[in-house]
Amino acid sequence: MSGNSYNERLFGKGWPRKKLHSGRFEWLRNEINKLELKVASVLELGCFDGRSIRYLPEDIEEYSGYDANWENGLDNAISSYKGIVKYNFILCTKAEDFNPKPKSVDISVSLETLEHIALSELENILLNCRSNQRICFYYRS
C-alpha cells in the first residue's frame, strides 16, 4: 500500500479507479432523483469522511453517519462539518455501536460497507436501518 490517503488512492488522478469509486455516490444521487424521494433525514452506515453528503439534496435536515474511523475518515468528517448541527458523526467499530435513535429516517444508506460486516451481525445492523422510504445499499458485483 502506498503512503497516499484513502481519498488519494480511490479518488485521485487516473481512470478507471476514480470513475469506479465515484460511481457509488453518483448512483446514490441518481436513485434519489429517479425515485423522486423526499429526503429530510438520512442514516448512513460506513460514512468515512461524509463524502455522500455532497450527493444528497442540499435541504436535508438531519444526517447521522456511522463509521469505524479507519484511516481517520470519521475524524475528517467531524472536522470538515464542525459546527453544522444537522450533521452527526458517530464512531461505530462493532455491531453493538450501531444503535441509531429510535425514530425512523427517510433513507438509510450504506455504500460498499456491508461486505466488511460479519454475517452473524448483519441482521441486527439491517434491522436498525429504519427508513420510511428506502434503504439504499450499493455494491459492485
# chains A, B, ... in the order shown; residues from 1 in each chain; ligands from 1
call {"tool": "closest_atom_pairs", "arguments": {"of": "range 52-90 of chain A", "to": "range 110-125 of chain A", "cutoff": "12 Å", "atoms": "only C-alpha atoms", "output": "JSON lines"}}
result
{"residue": "A:Ser52", "atom": "CA", "partner": "A:Leu111", "partner_atom": "CA", "distance": 8.9}
{"residue": "A:Ser64", "atom": "CA", "partner": "A:Ser110", "partner_atom": "CA", "distance": 11.9}
{"residue": "A:Gly65", "atom": "CA", "partner": "A:Ser110", "partner_atom": "CA", "distance": 9.8}
{"residue": "A:Tyr66", "atom": "CA", "partner": "A:Ser110", "partner_atom": "CA", "distance": 9.8}
{"residue": "A:Asp67", "atom": "CA", "partner": "A:Thr113", "partner_atom": "CA", "distance": 9.5}
{"residue": "A:Ala68", "atom": "CA", "partner": "A:His116", "partner_atom": "CA", "distance": 10.5}
{"residue": "A:Trp70", "atom": "CA", "partner": "A:His116", "partner_atom": "CA", "distance": 11.8}
call {"tool": "write_last_selection", "arguments": {"atoms": "C-alpha atoms", "output": "compact mmCIF listing (two decimals), in the first residue's frame"}}
result
# COMPACT_ATOMS: atom_id res chain seq x y z
CA SER A 52 -22.01 11.15 0.38
CA SER A 64 -26.28 10.65 11.00
CA GLY A 65 -23.16 8.92 9.76
CA TYR A 66 -21.64 5.86 11.47
CA ASP A 67 -18.11 4.72 10.75
CA ALA A 68 -15.22 2.70 12.24
CA TRP A 70 -10.37 3.59 9.50
call {"tool": "select_by_dssp", "arguments": {"residues": "range 2-127 of chain A", "states": "strand (DSSP E)", "output": "ChimeraX atom specification"}}
result
/A:41-45,62-67,87-91,105-111
call {"tool": "atom_distance", "arguments": {"atom1": "CA of Cys92 in chain A", "atom2": "CA of Asn128 in chain A"}}
result
13.2 Å
call {"tool": "closest_atom_pairs", "arguments": {"of": "range 46-116 of chain A", "to": "range 29-33 of chain A", "cutoff": "10 Å", "atoms": "only C-alpha atoms", "output": "JSON lines"}}
result
{"residue": "A:Ser52", "atom": "CA", "partner": "A:Arg29", "partner_atom": "CA", "distance": 8.8}
{"residue": "A:Ile53", "atom": "CA", "partner": "A:Arg29", "partner_atom": "CA", "distance": 9.9}
{"residue": "A:Arg54", "atom": "CA", "partner": "A:Arg29", "partner_atom": "CA", "distance": 9.2}
{"residue": "A:Tyr55", "atom": "CA", "partner": "A:Arg29", "partner_atom": "CA", "distance": 5.4}
{"residue": "A:Leu56", "atom": "CA", "partner": "A:Arg29", "partner_atom": "CA", "distance": 6.2}
{"residue": "A:Pro57", "atom": "CA", "partner": "A:Arg29", "partner_atom": "CA", "distance": 8.1}
{"residue": "A:Ile107", "atom": "CA", "partner": "A:Ile32", "partner_atom": "CA", "distance": 9.4}
call {"tool": "write_last_selection", "arguments": {"atoms": "N, CA and C atoms", "output": "CSV table (one decimal), in the first residue's frame"}}
result
chain,number,residue,atom,x,y,z
A,52,SER,N,-20.7,11.3,1.0
A,52,SER,CA,-22.0,11.2,0.4
A,52,SER,C,-22.9,12.4,0.6
A,53,ILE,N,-22.6,13.2,1.6
A,53,ILE,CA,-23.4,14.4,1.9
A,53,ILE,C,-23.4,15.3,0.7
A,54,ARG,N,-22.3,15.3,-0.1
A,54,ARG,CA,-22.2,16.1,-1.3
A,54,ARG,C,-23.2,15.7,-2.4
A,55,TYR,N,-23.6,14.5,-2.3
A,55,TYR,CA,-24.5,13.9,-3.3
A,55,TYR,C,-26.0,13.8,-2.8
A,56,LEU,N,-26.2,14.3,-1.7
A,56,LEU,CA,-27.6,14.3,-1.1
A,56,LEU,C,-28.2,15.6,-1.4
A,57,PRO,N,-29.6,15.7,-1.4
A,57,PRO,CA,-30.2,17.0,-1.5
A,57,PRO,C,-29.7,18.0,-0.5
A,107,ILE,N,-34.2,7.9,4.5
A,107,ILE,CA,-33.5,6.9,3.8
A,107,ILE,C,-32.3,6.4,4.6
call {"tool": "residues_around", "arguments": {"residues": "Asn76 in chain A", "least_positions_apart": "3", "cutoff": "12 Å", "atoms": "only C-alpha atoms", "output": "PyMOL selection string"}}
result
chain A and resi 5-7+47-51+67+69-73+79-82+89
call {"tool": "write_last_selection", "arguments": {"atoms": "N, CA and C atoms", "output": "mmCIF file, in the first residue's frame"}}
result
data_model
loop_
_atom_site.group_PDB
_atom_site.id
_atom_site.type_symbol
_atom_site.label_atom_id
_atom_site.label_comp_id
_atom_site.auth_asym_id
_atom_site.auth_seq_id
_atom_site.Cartn_x
_atom_site.Cartn_y
_atom_site.Cartn_z
ATOM 1 N N SER A 5 -3.324 8.791 1.085
ATOM 2 C CA SER A 5 -4.538 8.634 1.880
ATOM 3 C C SER A 5 -5.580 7.836 1.097
ATOM 4 N N TYR A 6 -6.602 7.407 1.802
ATOM 5 C CA TYR A 6 -7.722 6.685 1.200
ATOM 6 C C TYR A 6 -8.285 7.475 0.023
ATOM 7 N N ASN A 7 -8.591 8.736 0.235
ATOM 8 C CA ASN A 7 -9.172 9.548 -0.835
ATOM 9 C C ASN A 7 -8.217 9.723 -2.001
ATOM 10 N N CYS A 47 -19.847 5.844 6.694
ATOM 11 C CA CYS A 47 -19.814 7.178 6.087
ATOM 12 C C CYS A 47 -18.406 7.682 5.780
ATOM 13 N N PHE A 48 -17.377 7.083 6.364
ATOM 14 C CA PHE A 48 -15.988 7.518 6.244
ATOM 15 C C PHE A 48 -15.909 9.013 6.532
ATOM 16 N N ASP A 49 -15.630 9.851 5.532
ATOM 17 C CA ASP A 49 -15.458 11.289 5.754
ATOM 18 C C ASP A 49 -16.692 12.110 5.400
ATOM 19 N N GLY A 50 -17.828 11.440 5.212
ATOM 20 C CA GLY A 50 -19.066 12.149 4.902
ATOM 21 C C GLY A 50 -19.203 12.551 3.443
ATOM 22 N N ARG A 51 -18.434 11.940 2.555
ATOM 23 C CA ARG A 51 -18.461 12.295 1.131
ATOM 24 C C ARG A 51 -19.864 12.236 0.540
ATOM 25 N N ASP A 67 -19.300 5.236 11.408
ATOM 26 C CA ASP A 67 -18.106 4.719 10.752
ATOM 27 C C ASP A 67 -17.115 4.205 11.791
ATOM 28 N N ASN A 69 -13.912 4.625 11.592
ATOM 29 C CA ASN A 69 -12.800 5.583 11.624
ATOM 30 C C ASN A 69 -11.484 4.999 11.097
ATOM 31 N N TRP A 70 -11.579 4.071 10.142
ATOM 32 C CA TRP A 70 -10.370 3.586 9.503
ATOM 33 C C TRP A 70 -9.678 4.741 8.817
ATOM 34 N N GLU A 71 -8.412 4.826 8.916
ATOM 35 C CA GLU A 71 -7.589 5.881 8.310
ATOM 36 C C GLU A 71 -8.099 7.282 8.667
ATOM 37 N N ASN A 72 -8.698 7.406 9.850
ATOM 38 C CA ASN A 72 -9.182 8.687 10.381
ATOM 39 C C ASN A 72 -10.292 9.331 9.548
ATOM 40 N N GLY A 73 -11.028 8.532 8.816
ATOM 41 C CA GLY A 73 -12.113 9.072 8.000
ATOM 42 C C GLY A 73 -13.159 9.807 8.819
ATOM 43 N N SER A 79 -14.233 17.055 11.523
ATOM 44 C CA SER A 79 -13.503 18.302 11.294
ATOM 45 C C SER A 79 -14.115 19.112 10.149
ATOM 46 N N SER A 80 -14.457 18.436 9.056
ATOM 47 C CA SER A 80 -14.996 19.121 7.870
ATOM 48 C C SER A 80 -16.359 19.752 8.128
ATOM 49 N N TYR A 81 -17.186 19.091 8.926
ATOM 50 C CA TYR A 81 -18.556 19.570 9.150
ATOM 51 C C TYR A 81 -18.754 20.126 10.557
ATOM 52 N N LYS A 82 -17.667 20.503 11.186
ATOM 53 C CA LYS A 82 -17.722 21.052 12.541
ATOM 54 C C LYS A 82 -18.652 22.270 12.590
ATOM 55 N N PHE A 89 -21.812 12.600 13.425
ATOM 56 C CA PHE A 89 -20.919 11.503 13.088
ATOM 57 C C PHE A 89 -20.635 10.700 14.349
#
call {"tool": "atom_distance", "arguments": {"atom1": "CA of Glu26 in chain A", "atom2": "CA of Ile60 in chain A"}}
result
17.4 Å
call {"tool": "decode", "arguments": {"residues": "range 31-55 of chain A", "atoms": "C-alpha atoms", "output": "CSV table (one decimal), in the first residue's frame"}}
result
chain,number,residue,atom,x,y,z
A,31,GLU,CA,-31.5,6.9,-7.3
A,32,ILE,CA,-32.8,9.7,-5.1
A,33,ASN,CA,-33.7,11.7,-8.2
A,34,LYS,CA,-35.1,8.8,-10.2
A,35,LEU,CA,-37.4,7.7,-7.4
A,36,GLU,CA,-38.3,11.3,-6.6
A,37,LEU,CA,-37.5,10.7,-2.9
A,38,LYS,CA,-38.2,13.5,-0.4
A,39,VAL,CA,-35.2,13.3,1.8
A,40,ALA,CA,-35.1,15.2,5.0
A,41,SER,CA,-33.3,12.7,7.2
A,42,VAL,CA,-30.5,10.2,6.4
A,43,LEU,CA,-28.8,7.4,8.2
A,44,GLU,CA,-25.5,6.2,6.7
A,45,LEU,CA,-23.5,3.2,7.8
A,46,GLY,CA,-19.9,3.4,6.7
A,47,CYS,CA,-19.8,7.2,6.1
A,48,PHE,CA,-16.0,7.5,6.2
A,49,ASP,CA,-15.5,11.3,5.8
A,50,GLY,CA,-19.1,12.1,4.9
A,51,ARG,CA,-18.5,12.3,1.1
A,52,SER,CA,-22.0,11.2,0.4
A,53,ILE,CA,-23.4,14.4,1.9
A,54,ARG,CA,-22.2,16.1,-1.3
A,55,TYR,CA,-24.5,13.9,-3.3
